[in-house]
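Colleague: So here's protein_10.cif, just mmCIF, C-alpha atoms:
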data_work
loop_
_atom_site.group_PDB
_atom_site.id
_atom_site.type_symbol
_atom_site.label_atom_id
_atom_site.label_comp_id
_atom_site.auth_asym_id
_atom_site.auth_seq_id
_atom_site.Cartn_x
_atom_site.Cartn_y
_atom_site.Cartn_z
ATOM 1 C CA MET Q 14 17.829 -24.409 42.820
ATOM 2 C CA LYS Q 15 19.977 -22.875 45.552
ATOM 3 C CA ASN Q 16 22.212 -19.870 45.503
ATOM 4 C CA GLU Q 17 25.185 -20.864 47.642
ATOM 5 C CA LYS Q 18 26.474 -17.320 48.056
ATOM 6 C CA SER Q 19 23.271 -15.721 49.236
ATOM 7 C CA GLY Q 20 22.032 -18.683 51.276
ATOM 8 C CA ARG Q 21 18.681 -18.394 49.562
ATOM 9 C CA ASP Q 22 16.905 -20.628 47.135
ATOM 10 C CA ALA Q 23 15.738 -19.586 43.689
ATOM 11 C CA GLY Q 24 12.473 -18.289 45.143
ATOM 12 C CA GLY Q 25 14.350 -15.975 47.503
ATOM 13 C CA ALA Q 26 13.558 -17.969 50.631
ATOM 14 C CA LYS Q 27 16.084 -18.250 53.447
ATOM 15 C CA ARG Q 28 17.621 -21.678 53.951
ATOM 16 C CA ASP Q 29 18.354 -23.358 57.270
ATOM 17 C CA PRO Q 30 22.096 -24.003 57.614
ATOM 18 C CA LEU Q 31 23.270 -27.190 59.286
ATOM 19 C CA PHE Q 32 24.873 -25.128 62.022
ATOM 20 C CA SER Q 33 24.315 -21.558 63.058
ATOM 21 C CA PHE Q 34 24.733 -19.674 66.338
ATOM 22 C CA ARG Q 35 21.108 -18.714 65.906
ATOM 23 C CA TYR Q 36 20.201 -22.354 66.485
ATOM 24 C CA LEU Q 37 22.701 -22.937 69.275
ATOM 25 C CA ILE Q 38 20.238 -22.845 72.183
ATOM 26 C CA TYR Q 39 17.664 -24.899 70.285
ATOM 27 C CA ASP Q 40 20.205 -27.515 69.260
ATOM 28 C CA ILE Q 41 21.774 -27.723 72.732
ATOM 29 C CA MET Q 42 18.341 -28.097 74.254
ATOM 30 C CA ILE Q 43 17.457 -30.868 71.814
ATOM 31 C CA LEU Q 44 20.772 -32.668 72.324
ATOM 32 C CA THR Q 45 20.619 -32.526 76.120
ATOM 33 C CA ALA Q 46 16.899 -33.246 76.440
ATOM 34 C CA ALA Q 47 16.637 -35.865 73.735
ATOM 35 C CA ILE Q 48 17.965 -38.874 75.645
ATOM 36 C CA PRO Q 49 16.096 -38.332 78.960
ATOM 37 C CA GLY Q 50 12.988 -37.239 77.037
ATOM 38 C CA MET Q 51 13.002 -40.269 74.795
ATOM 39 C CA LEU Q 52 13.605 -42.587 77.760
ATOM 40 C CA TRP Q 53 10.809 -41.042 79.774
ATOM 41 C CA PHE Q 54 8.177 -40.670 77.084
ATOM 42 C CA ARG Q 55 9.252 -43.592 74.879
ATOM 43 C CA PRO Q 56 7.335 -42.053 71.963
ATOM 44 C CA LYS Q 57 5.433 -44.593 69.921
ATOM 45 C CA ARG Q 58 4.750 -43.536 66.360
ATOM 46 C CA ILE Q 59 2.014 -45.276 64.441
ATOM 47 C CA PHE Q 60 2.269 -44.597 60.732
ATOM 48 C CA ALA Q 61 -1.113 -44.526 59.040
ATOM 49 C CA GLY Q 62 0.454 -45.520 55.736
ATOM 50 C CA GLY Q 63 2.080 -48.612 57.281
ATOM 51 C CA LYS Q 64 5.595 -47.228 56.972
ATOM 52 C CA LYS Q 65 7.382 -43.980 57.654
ATOM 53 C CA PRO Q 66 6.572 -41.499 54.878
ATOM 54 C CA ASP Q 67 9.132 -39.188 53.305
ATOM 55 C CA LEU Q 68 9.362 -36.346 55.797
ATOM 56 C CA SER Q 69 12.192 -34.430 54.187
ATOM 57 C CA GLY Q 70 11.892 -30.912 52.833
ATOM 58 C CA GLY Q 71 9.335 -28.267 53.686
ATOM 59 C CA LEU Q 72 6.604 -29.715 55.836
ATOM 60 C CA LEU Q 73 3.596 -28.118 57.466
ATOM 61 C CA ILE Q 74 2.804 -30.256 60.494
ATOM 62 C CA ILE Q 75 -0.692 -29.945 61.897
ATOM 63 C CA ALA Q 76 -1.797 -31.610 65.118
ATOM 64 C CA ASN Q 77 -4.662 -31.692 67.537
ATOM 65 C CA HIS Q 78 -4.001 -29.530 70.583
ATOM 66 C CA ILE Q 79 -4.574 -31.444 73.785
ATOM 67 C CA GLY Q 80 -2.158 -29.786 76.199
ATOM 68 C CA PHE Q 81 0.523 -27.206 76.855
ATOM 69 C CA PHE Q 82 3.334 -29.672 76.164
ATOM 70 C CA ASP Q 83 2.165 -30.673 72.673
ATOM 71 C CA PRO Q 84 5.082 -28.838 71.011
ATOM 72 C CA VAL Q 85 7.515 -30.882 73.130
ATOM 73 C CA TYR Q 86 5.730 -34.092 72.138
ATOM 74 C CA LEU Q 87 5.922 -33.165 68.465
ATOM 75 C CA MET Q 88 9.622 -32.438 68.786
ATOM 76 C CA MET Q 89 10.132 -35.935 70.182
ATOM 77 C CA LEU Q 90 8.084 -37.488 67.405
ATOM 78 C CA PHE Q 91 10.368 -35.945 64.785
ATOM 79 C CA PRO Q 92 13.877 -36.257 66.199
ATOM 80 C CA GLY Q 93 16.530 -34.741 64.035
ATOM 81 C CA ARG Q 94 14.332 -32.009 62.581
ATOM 82 C CA ARG Q 95 14.199 -28.451 63.788
ATOM 83 C CA ILE Q 96 10.532 -27.605 64.046
ATOM 84 C CA ARG Q 97 9.315 -24.025 64.019
ATOM 85 C CA PHE Q 98 6.155 -23.613 66.013
ATOM 86 C CA VAL Q 99 3.623 -20.944 65.274
ATOM 87 C CA CYS Q 100 2.617 -19.324 68.549
ATOM 88 C CA ARG Q 101 0.658 -16.337 69.715
ATOM 89 C CA LYS Q 102 2.677 -13.134 69.969
ATOM 90 C CA GLU Q 103 1.725 -12.729 73.642
ATOM 91 C CA PHE Q 104 4.436 -15.289 74.386
ATOM 92 C CA TRP Q 105 6.928 -12.756 73.030
ATOM 93 C CA ALA Q 106 5.614 -9.965 75.280
ATOM 94 C CA THR Q 107 8.754 -9.336 77.349
ATOM 95 C CA LYS Q 108 12.392 -9.131 76.277
ATOM 96 C CA HIS Q 109 13.157 -12.178 78.363
ATOM 97 C CA SER Q 110 10.371 -14.342 76.927
ATOM 98 C CA ALA Q 111 11.035 -13.041 73.391
ATOM 99 C CA PHE Q 112 14.658 -14.170 73.716
ATOM 100 C CA TRP Q 113 13.642 -17.699 74.673
ATOM 101 C CA PHE Q 114 10.820 -18.040 72.198
ATOM 102 C CA ARG Q 115 13.101 -16.742 69.435
ATOM 103 C CA SER Q 116 15.762 -19.224 70.495
ATOM 104 C CA PHE Q 117 13.196 -21.998 70.298
ATOM 105 C CA LEU Q 118 12.485 -20.916 66.720
ATOM 106 C CA THR Q 119 8.856 -19.990 67.225
ATOM 107 C CA ILE Q 120 7.063 -17.758 64.766
ATOM 108 C CA PRO Q 121 4.830 -15.239 66.549
ATOM 109 C CA ILE Q 122 1.430 -14.385 65.148
ATOM 110 C CA ASP Q 123 -1.003 -11.738 66.233
ATOM 111 C CA ARG Q 124 -4.288 -13.577 66.506
ATOM 112 C CA ASP Q 125 -6.250 -10.355 66.982
ATOM 113 C CA ASN Q 126 -4.719 -8.416 64.117
ATOM 114 C CA PHE Q 127 -2.841 -10.810 61.831
ATOM 115 C CA GLY Q 128 -0.010 -9.268 59.820
ATOM 116 C CA MET Q 129 1.361 -10.454 56.516
ATOM 117 C CA GLU Q 130 4.901 -10.530 57.929
ATOM 118 C CA SER Q 131 3.987 -13.667 59.902
ATOM 119 C CA PHE Q 132 2.380 -15.261 56.874
ATOM 120 C CA ARG Q 133 5.430 -14.521 54.737
ATOM 121 C CA GLU Q 134 7.827 -15.863 57.350
ATOM 122 C CA ILE Q 135 5.898 -19.137 57.551
ATOM 123 C CA THR Q 136 5.692 -19.611 53.773
ATOM 124 C CA GLU Q 137 9.342 -18.612 53.283
ATOM 125 C CA ARG Q 138 10.487 -21.090 55.896
ATOM 126 C CA LEU Q 139 8.430 -23.834 54.294
ATOM 127 C CA LYS Q 140 9.779 -23.001 50.835
ATOM 128 C CA ALA Q 141 13.282 -23.178 52.267
ATOM 129 C CA GLY Q 142 12.691 -26.737 53.428
ATOM 130 C CA SER Q 143 11.918 -26.153 57.118
ATOM 131 C CA ALA Q 144 9.293 -27.931 59.141
ATOM 132 C CA VAL Q 145 6.668 -25.605 60.574
ATOM 133 C CA ALA Q 146 4.098 -26.868 63.055
ATOM 134 C CA LEU Q 147 0.826 -25.381 64.111
ATOM 135 C CA PHE Q 148 -2.367 -26.366 65.834
ATOM 136 C CA PRO Q 149 -5.163 -25.491 63.396
ATOM 137 C CA GLU Q 150 -7.818 -25.510 66.117
ATOM 138 C CA GLY Q 151 -6.027 -22.427 67.426
ATOM 139 C CA HIS Q 152 -6.359 -23.363 71.088
ATOM 140 C CA ILE Q 153 -6.132 -26.269 73.505
ATOM 141 C CA ASP Q 154 -9.294 -28.298 73.301
ATOM 142 C CA THR Q 155 -11.467 -27.539 76.295
ATOM 143 C CA GLU Q 156 -14.872 -28.199 74.812
ATOM 144 C CA GLY Q 157 -14.756 -31.967 74.762
ATOM 145 C CA ASP Q 158 -14.680 -32.203 70.976
ATOM 146 C CA PRO Q 159 -11.526 -34.235 70.216
ATOM 147 C CA ILE Q 160 -10.885 -32.301 67.025
ATOM 148 C CA GLY Q 161 -12.682 -28.977 66.787
ATOM 149 C CA SER Q 162 -13.072 -26.691 63.794
ATOM 150 C CA PHE Q 163 -9.918 -25.860 61.863
ATOM 151 C CA LYS Q 164 -8.829 -22.359 60.924
ATOM 152 C CA SER Q 165 -8.349 -22.327 57.154
ATOM 153 C CA GLY Q 166 -5.306 -20.040 57.192
ATOM 154 C CA MET Q 167 -3.011 -23.073 57.219
ATOM 155 C CA VAL Q 168 -4.399 -24.103 53.820
ATOM 156 C CA LEU Q 169 -3.310 -20.742 52.406
ATOM 157 C CA MET Q 170 0.127 -21.263 53.966
ATOM 158 C CA ALA Q 171 0.419 -24.678 52.320
ATOM 159 C CA LEU Q 172 -0.874 -23.444 48.964
ATOM 160 C CA ARG Q 173 1.450 -20.478 48.835
ATOM 161 C CA SER Q 174 4.523 -22.420 49.940
ATOM 162 C CA GLY Q 175 3.825 -25.628 48.028
ATOM 163 C CA ALA Q 176 4.717 -27.636 51.147
ATOM 164 C CA PRO Q 177 2.756 -30.787 51.951
ATOM 165 C CA VAL Q 178 0.645 -30.920 55.085
ATOM 166 C CA LEU Q 179 1.383 -33.671 57.593
ATOM 167 C CA PRO Q 180 -1.510 -34.511 59.946
ATOM 168 C CA VAL Q 181 -0.516 -35.837 63.357
ATOM 169 C CA LEU Q 182 -2.860 -37.140 66.019
ATOM 170 C CA LEU Q 183 -1.617 -36.854 69.603
ATOM 171 C CA THR Q 184 -3.144 -38.831 72.438
ATOM 172 C CA LYS Q 185 -3.398 -37.934 76.103
ATOM 173 C CA ARG Q 186 -1.322 -39.933 78.542
ATOM 174 C CA LYS Q 187 -3.226 -41.517 81.394
ATOM 175 C CA ASN Q 188 -0.357 -40.918 83.783
ATOM 176 C CA ILE Q 189 3.170 -39.585 83.607
ATOM 177 C CA PHE Q 190 4.645 -43.066 83.225
ATOM 178 C CA GLU Q 191 2.653 -43.991 80.137
ATOM 179 C CA ARG Q 192 4.213 -43.948 76.687
ATOM 180 C CA LEU Q 193 3.494 -41.080 74.374
ATOM 181 C CA THR Q 194 1.542 -42.469 71.412
ATOM 182 C CA ALA Q 195 0.735 -40.587 68.229
ATOM 183 C CA VAL Q 196 -0.511 -41.418 64.759
ATOM 184 C CA ILE Q 197 1.354 -39.838 61.869
ATOM 185 C CA GLY Q 198 -0.570 -39.594 58.620
ATOM 186 C CA ASP Q 199 0.748 -39.386 55.105
ATOM 187 C CA PRO Q 200 1.775 -35.945 53.796
ATOM 188 C CA VAL Q 201 -1.078 -34.337 51.874
ATOM 189 C CA GLU Q 202 -0.233 -32.271 48.788
ATOM 190 C CA LEU Q 203 -2.613 -29.368 48.204
ATOM 191 C CA ASP Q 204 -1.955 -28.552 44.597
ATOM 192 C CA THR Q 205 -4.412 -26.203 42.939
ATOM 193 C CA GLY Q 206 -2.268 -25.401 39.922
ATOM 194 C CA GLY Q 207 -0.600 -22.284 41.288
ATOM 195 C CA ALA Q 208 -3.518 -19.897 40.983
ATOM 196 C CA LEU Q 209 -5.304 -18.818 44.138
ATOM 197 C CA PRO Q 210 -8.488 -20.939 44.252
ATOM 198 C CA PRO Q 211 -11.811 -19.449 45.384
ATOM 199 C CA LEU Q 212 -12.171 -19.108 49.141
ATOM 200 C CA SER Q 213 -14.838 -21.834 49.141
ATOM 201 C CA LYS Q 214 -12.202 -24.260 47.853
ATOM 202 C CA VAL Q 215 -9.832 -23.196 50.647
ATOM 203 C CA THR Q 216 -12.550 -23.957 53.193
ATOM 204 C CA GLU Q 217 -13.212 -27.286 51.486
ATOM 205 C CA LEU Q 218 -9.520 -28.222 51.709
ATOM 206 C CA SER Q 219 -9.497 -27.255 55.369
ATOM 207 C CA GLU Q 220 -12.457 -29.574 56.017
ATOM 208 C CA MET Q 221 -10.707 -32.332 54.090
ATOM 209 C CA LEU Q 222 -7.632 -31.968 56.322
ATOM 210 C CA LYS Q 223 -9.814 -32.078 59.401
ATOM 211 C CA ASP Q 224 -11.411 -35.319 58.154
ATOM 212 C CA GLU Q 225 -7.923 -36.655 57.478
ATOM 213 C CA GLU Q 226 -6.919 -35.808 61.046
ATOM 214 C CA ARG Q 227 -10.054 -37.431 62.454
ATOM 215 C CA SER Q 228 -9.493 -40.586 60.399
ATOM 216 C CA LEU Q 229 -6.116 -41.111 62.101
ATOM 217 C CA ALA Q 230 -7.977 -42.147 65.264
ATOM 218 C CA GLY Q 231 -8.854 -45.374 63.432
ATOM 219 C CA PHE Q 232 -5.202 -46.434 63.632
ATOM 220 C CA LEU Q 233 -5.055 -46.179 67.427
ATOM 221 C CA PRO Q 234 -5.249 -49.227 69.663
ATOM 222 C CA GLU Q 235 -8.741 -49.599 71.141
ATOM 223 C CA LYS Q 236 -7.667 -48.501 74.638
ATOM 224 C CA LEU Q 237 -6.368 -45.157 73.324
ATOM 225 C CA LYS Q 238 -9.337 -44.192 71.158
ATOM 226 C CA ASN Q 239 -10.967 -42.233 73.953
ATOM 227 C CA ARG Q 240 -7.767 -40.369 74.804
ATOM 228 C CA LEU Q 241 -8.022 -37.560 72.278
ATOM 229 C CA MET X 3 -2.777 3.281 39.051
ATOM 230 C CA GLN X 4 -6.221 4.804 38.608
ATOM 231 C CA ARG X 5 -8.686 4.425 41.438
ATOM 232 C CA GLU X 6 -11.311 2.911 39.090
ATOM 233 C CA GLU X 7 -8.858 0.289 37.895
ATOM 234 C CA ILE X 8 -7.980 -0.635 41.478
ATOM 235 C CA THR X 9 -11.664 -0.901 42.376
ATOM 236 C CA GLU X 10 -12.454 -3.200 39.445
ATOM 237 C CA LYS X 11 -9.559 -5.522 40.249
ATOM 238 C CA LEU X 12 -10.516 -5.533 43.914
ATOM 239 C CA LYS X 13 -14.054 -6.539 42.959
ATOM 240 C CA GLU X 14 -12.640 -9.567 41.116
ATOM 241 C CA ILE X 15 -10.815 -10.665 44.256
ATOM 242 C CA LEU X 16 -13.778 -10.052 46.553
ATOM 243 C CA LEU X 17 -16.032 -12.085 44.271
ATOM 244 C CA LEU X 18 -13.764 -15.078 44.876
ATOM 245 C CA THR X 19 -14.530 -14.806 48.589
ATOM 246 C CA ASP X 20 -18.207 -15.644 48.080
ATOM 247 C CA VAL X 21 -19.297 -12.113 48.832
ATOM 248 C CA ASP X 22 -22.860 -11.316 47.724
ATOM 249 C CA ARG X 23 -22.542 -10.463 43.996
ATOM 250 C CA SER X 24 -25.194 -7.759 44.205
ATOM 251 C CA LEU X 25 -22.961 -5.853 46.634
ATOM 252 C CA MET X 26 -20.279 -5.589 43.983
ATOM 253 C CA GLU X 27 -22.437 -3.518 41.648
ATOM 254 C CA GLY X 28 -21.815 0.214 41.711
ATOM 255 C CA ASP X 29 -19.720 2.006 44.280
ATOM 256 C CA ILE X 30 -18.230 -0.413 46.786
ATOM 257 C CA SER X 31 -15.907 1.942 48.643
ATOM 258 C CA ALA X 32 -18.234 2.453 51.616
ATOM 259 C CA LEU X 33 -18.754 -1.255 52.196
ATOM 260 C CA ARG X 34 -17.382 -2.575 55.478
ATOM 261 C CA LEU X 35 -15.207 -5.618 54.930
ATOM 262 C CA LYS X 36 -16.479 -7.652 57.858
ATOM 263 C CA GLU X 37 -20.018 -6.499 58.439
ATOM 264 C CA ASP X 38 -21.123 -5.901 54.818
ATOM 265 C CA CYS X 39 -18.861 -8.193 52.779
ATOM 266 C CA GLY X 40 -18.954 -10.880 55.475
ATOM 267 C CA LEU X 41 -15.197 -11.456 55.453
ATOM 268 C CA SER X 42 -13.896 -13.652 58.257
ATOM 269 C CA SER X 43 -10.284 -13.439 59.397
ATOM 270 C CA VAL X 44 -9.381 -16.076 56.794
ATOM 271 C CA GLY X 45 -11.386 -14.154 54.201
ATOM 272 C CA MET X 46 -9.350 -11.057 55.033
ATOM 273 C CA LEU X 47 -6.104 -12.995 54.743
ATOM 274 C CA TYR X 48 -7.275 -14.462 51.441
ATOM 275 C CA THR X 49 -8.161 -11.000 50.122
ATOM 276 C CA VAL X 50 -4.788 -9.557 51.055
ATOM 277 C CA ILE X 51 -2.938 -12.465 49.415
ATOM 278 C CA GLY X 52 -5.039 -11.929 46.291
ATOM 279 C CA ILE X 53 -4.257 -8.199 46.311
ATOM 280 C CA GLU X 54 -0.535 -8.758 46.791
ATOM 281 C CA GLU X 55 -0.417 -11.151 43.860
ATOM 282 C CA MET X 56 -2.656 -9.147 41.550
ATOM 283 C CA PHE X 57 -1.082 -5.738 42.202
ATOM 284 C CA GLY X 58 2.461 -6.907 42.900
ATOM 285 C CA ILE X 59 2.619 -5.083 46.236
ATOM 286 C CA ARG X 60 3.382 -6.121 49.814
ATOM 287 C CA PHE X 61 1.311 -5.282 52.842
ATOM 288 C CA GLU X 62 3.850 -4.149 55.409
ATOM 289 C CA ASN X 63 3.551 -2.988 59.013
ATOM 290 C CA VAL X 64 -0.220 -3.270 58.927
ATOM 291 C CA GLY X 65 -2.574 -5.793 60.429
ATOM 292 C CA LEU X 66 -5.614 -7.108 58.634
ATOM 293 C CA GLU X 67 -7.828 -5.498 61.255
ATOM 294 C CA ASP X 68 -6.489 -2.062 60.294
ATOM 295 C CA PHE X 69 -8.742 -2.137 57.240
ATOM 296 C CA VAL X 70 -12.370 -1.466 58.031
ATOM 297 C CA THR X 71 -13.917 -0.460 54.712
ATOM 298 C CA VAL X 72 -13.155 -1.207 51.075
ATOM 299 C CA LYS X 73 -12.048 2.417 50.767
ATOM 300 C CA ASP X 74 -9.263 1.792 53.298
ATOM 301 C CA VAL X 75 -7.984 -1.029 51.091
ATOM 302 C CA ILE X 76 -8.265 1.022 47.896
ATOM 303 C CA ASP X 77 -6.375 3.900 49.551
ATOM 304 C CA TYR X 78 -3.620 1.529 50.681
ATOM 305 C CA ILE X 79 -3.252 -0.046 47.237
ATOM 306 C CA GLY X 80 -3.320 3.433 45.638
ATOM 307 C CA ALA X 81 -0.503 4.618 47.893
ATOM 308 C CA LYS X 82 1.538 1.475 47.204
ATOM 309 C CA THR X 83 1.130 1.645 43.420
ATOM 310 C CA GLU X 84 1.851 5.368 43.032
#
Mind converting the file's structure to structure tokens?
Modeller:
Amino acid sequence: MKNEKSGRDAGGAKRDPLFSFRYLIYDIMILTAAIPGMLWFRPKRIFAGGKKPDLSGGLLIIANHIGFFDPVYLMMLFPGRRIRFVCRKEFWATKHSAFWFRSFLTIPIDRDNFGMESFREITERLKAGSAVALFPEGHIDTEGDPIGSFKSGMVLMALRSGAPVLPVLLTKRKNIFERLTAVIGDPVELDTGGALPPLSKVTELSEMLKDEERSLAGFLPEKLKNRL
Amino acid sequence: MQREEITEKLKEILLLTDVDRSLMEGDISALRLKEDCGLSSVGMLYTVIGIEEMFGIRFENVGLEDFVTVKDVIDYIGAKTE
């Protein structure tokens, strides 16, 4: 249920308006970059479920982290949705960078000393129907393991917001002319009945999501299976 | 809220994090959250979420690493529930 006057839903979460000056830079960037970006990358989406799943409403997008431009790739895979990326607070270090990262709707987190403000912002945004994306490995893969261990914090974000988790598998491009190919899984609901489950269950759910992410590789064409 | 009451409720939350049950007997205030209770960063986040929901408080302007011992957490909850 929404409260039209306050711009918040019944749970008190802020809603994303269709237009706001706060989103001006983001929206202009998307509008101006969309056509050349789509023409250059020609993103190819493979849906694990055979057809495009319902991607409306709050959505926690998780993806493997293969390079610095992964956020851009994700934005092209979900045209028409504003995606808030969770990023390390170091990117907000200067006034100049903070301005741009705020304009690009990122949510800063302190990886060395995590604060609840970041957690609340993420869950509030999800409750309000926004799409939030993060890379649960926490870093760009440099160890050769296509999908490394997941940090379980994202499970707590999903549980406390009630938003489904959407696993996405990105593939590396062999050269700059190759199409961007990604597998998009089905949204996973993590319903534990409202109560906070034991931490062991949270870890179990995190492992389950990692397996889900790994299984998406099975939907890739043979020539792309070693490009993770 | 009484300190004893806070401690007992905190024990309930910590037990959900798979902490060694024997550690939760007696006085727990001197226990270090990471080294003794074995809480990882996710374990710390989990504990704080549990505390917020159980005590109806909000952790504000503090990072999870600001809490070293159980006593630090009890003191924070005590101050918030005064």
Colleague: Using only C-alpha atoms, determine which residues lie at most 8 Å from stretch 15-28 of chain X, disregarding the query and same-chain residues fewer than 5 positions distant; provide the list as a list of chain:residue names.
Modeller: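 Residues near the query, excluding close chain neighbours: Q:Pro210, Q:Pro211, Q:Leu212, Q:Ser213, X:Cys39, X:Gly40, X:Leu41, X:Gly45, X:Tyr48, X:Thr49, X:Gly52, X:Ile53.
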Colleague: Quick one: of X:Ile8, X:Met46, X:Ala32, X:Leu66, who's nearest to chain Q, counting only C-alpha atoms?
Modeller: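 Selected residue with least distance to chain Q: X:Leu66.
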Colleague: Can you give me, as an NGL selection string, the residues this file yields under the PyMOL selection byres ((chain Q) within 9 of (chain X))?
Modeller: :Q and (123 or 125-130 or 164-166 or 169 or 209-213)
Colleague: Please indicate the distance in Å from atom CA of Q:Ile197 to atom CA of Q:Lys102, rounded to one decimal place.
Modeller: 27.9 Å
Colleague: List, as a PyMOL selection string, every residue that the PyMOL selection byres ((chain Q and resi 225) around 10) selects in the file provided.
Modeller: chain Q and resi 179-182+198-199+201+219-224+226-230
Colleague: Which residue gives the smallest distance to Q:Pro84 among Q:Leu172, Q:Leu183, Q:Ile160, Q:Leu52, with all atoms listed in the file counted?
Modeller: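 Answer, going by the shortest atom-to-atom distance: Q:Leu183.
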Colleague: Apply the PyMOL selection byres ((chain X and resi 6) around 12) to the displayed file and report the matching residues as a PyMOL selection string.
Modeller: chain X and resi 3-5+7-13+28-31+73+76-77+79-80
Colleague: What's the separation between atom CA of Q:Phe148 and atom CA of Q:Ser116, in Å to one decimal place?
Modeller: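 Value for the atom CA of Q:Phe148-atom CA of Q:Ser116 distance: 20.0 Å.
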Colleague: In Å, with one decimal, what is the gap from atom CA of Q:Val99 to atom CA of Q:Leu147?
Modeller: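 It comes out at 5.4 Å.
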Colleague: Which one is closest to X:Leu35: X:Glu14, X:Tyr78, X:Glu84, X:Thr71? Count all atoms listed in the file.
Modeller: X:Thr71
Colleague: Output as an mmCIF file, in the coordinates of the input: stretch 57-75 of chain X, completed with N, CA and C atoms.
Modeller:
data_model
loop_
_atom_site.group_PDB
_atom_site.id
_atom_site.type_symbol
_atom_site.label_atom_id
_atom_site.label_comp_id
_atom_site.auth_asym_id
_atom_site.auth_seq_id
_atom_site.Cartn_x
_atom_site.Cartn_y
_atom_site.Cartn_z
ATOM 1 N N PHE X 57 -1.657 -7.077 42.366
ATOM 2 C CA PHE X 57 -1.082 -5.738 42.202
ATOM 3 C C PHE X 57 0.449 -5.728 42.338
ATOM 4 N N GLY X 58 1.002 -6.856 42.737
ATOM 5 C CA GLY X 58 2.461 -6.907 42.900
ATOM 6 C C GLY X 58 2.965 -6.018 44.021
ATOM 7 N N ILE X 59 2.198 -5.906 45.092
ATOM 8 C CA ILE X 59 2.619 -5.083 46.236
ATOM 9 C C ILE X 59 2.727 -5.965 47.478
ATOM 10 N N ARG X 60 3.283 -5.390 48.542
ATOM 11 C CA ARG X 60 3.382 -6.121 49.814
ATOM 12 C C ARG X 60 2.722 -5.289 50.908
ATOM 13 N N PHE X 61 1.897 -5.946 51.679
ATOM 14 C CA PHE X 61 1.311 -5.282 52.842
ATOM 15 C C PHE X 61 2.350 -5.345 53.952
ATOM 16 N N GLU X 62 2.788 -4.172 54.401
ATOM 17 C CA GLU X 62 3.850 -4.149 55.409
ATOM 18 C C GLU X 62 3.454 -3.268 56.582
ATOM 19 N N ASN X 63 3.806 -3.732 57.776
ATOM 20 C CA ASN X 63 3.551 -2.988 59.013
ATOM 21 C C ASN X 63 2.083 -2.625 59.198
ATOM 22 N N VAL X 64 1.214 -3.456 58.679
ATOM 23 C CA VAL X 64 -0.220 -3.270 58.927
ATOM 24 C C VAL X 64 -0.825 -4.628 59.284
ATOM 25 N N GLY X 65 -1.840 -4.573 60.094
ATOM 26 C CA GLY X 65 -2.574 -5.793 60.429
ATOM 27 C C GLY X 65 -3.857 -5.819 59.619
ATOM 28 N N LEU X 66 -4.408 -6.998 59.454
ATOM 29 C CA LEU X 66 -5.614 -7.108 58.634
ATOM 30 C C LEU X 66 -6.783 -6.347 59.260
ATOM 31 N N GLU X 67 -6.731 -6.196 60.580
ATOM 32 C CA GLU X 67 -7.828 -5.498 61.255
ATOM 33 C C GLU X 67 -7.734 -3.980 61.081
ATOM 34 N N ASP X 68 -6.627 -3.503 60.506
ATOM 35 C CA ASP X 68 -6.489 -2.062 60.294
ATOM 36 C C ASP X 68 -7.382 -1.571 59.155
ATOM 37 N N PHE X 69 -7.888 -2.511 58.367
ATOM 38 C CA PHE X 69 -8.742 -2.137 57.240
ATOM 39 C C PHE X 69 -10.202 -2.383 57.616
ATOM 40 N N VAL X 70 -10.961 -1.330 57.628
ATOM 41 C CA VAL X 70 -12.370 -1.466 58.031
ATOM 42 C C VAL X 70 -13.283 -1.474 56.814
ATOM 43 N N THR X 71 -13.065 -0.542 55.909
ATOM 44 C CA THR X 71 -13.917 -0.460 54.712
ATOM 45 C C THR X 71 -13.099 -0.770 53.454
ATOM 46 N N VAL X 72 -13.818 -0.968 52.359
ATOM 47 C CA VAL X 72 -13.155 -1.207 51.075
ATOM 48 C C VAL X 72 -12.314 0.010 50.702
ATOM 49 N N LYS X 73 -12.794 1.181 51.065
ATOM 50 C CA LYS X 73 -12.048 2.417 50.767
ATOM 51 C C LYS X 73 -10.651 2.389 51.405
ATOM 52 N N ASP X 74 -10.574 1.883 52.632
ATOM 53 C CA ASP X 74 -9.263 1.792 53.298
ATOM 54 C C ASP X 74 -8.300 0.956 52.462
ATOM 55 N N VAL X 75 -8.831 -0.133 51.893
ATOM 56 C CA VAL X 75 -7.984 -1.029 51.091
ATOM 57 C C VAL X 75 -7.581 -0.327 49.792
#
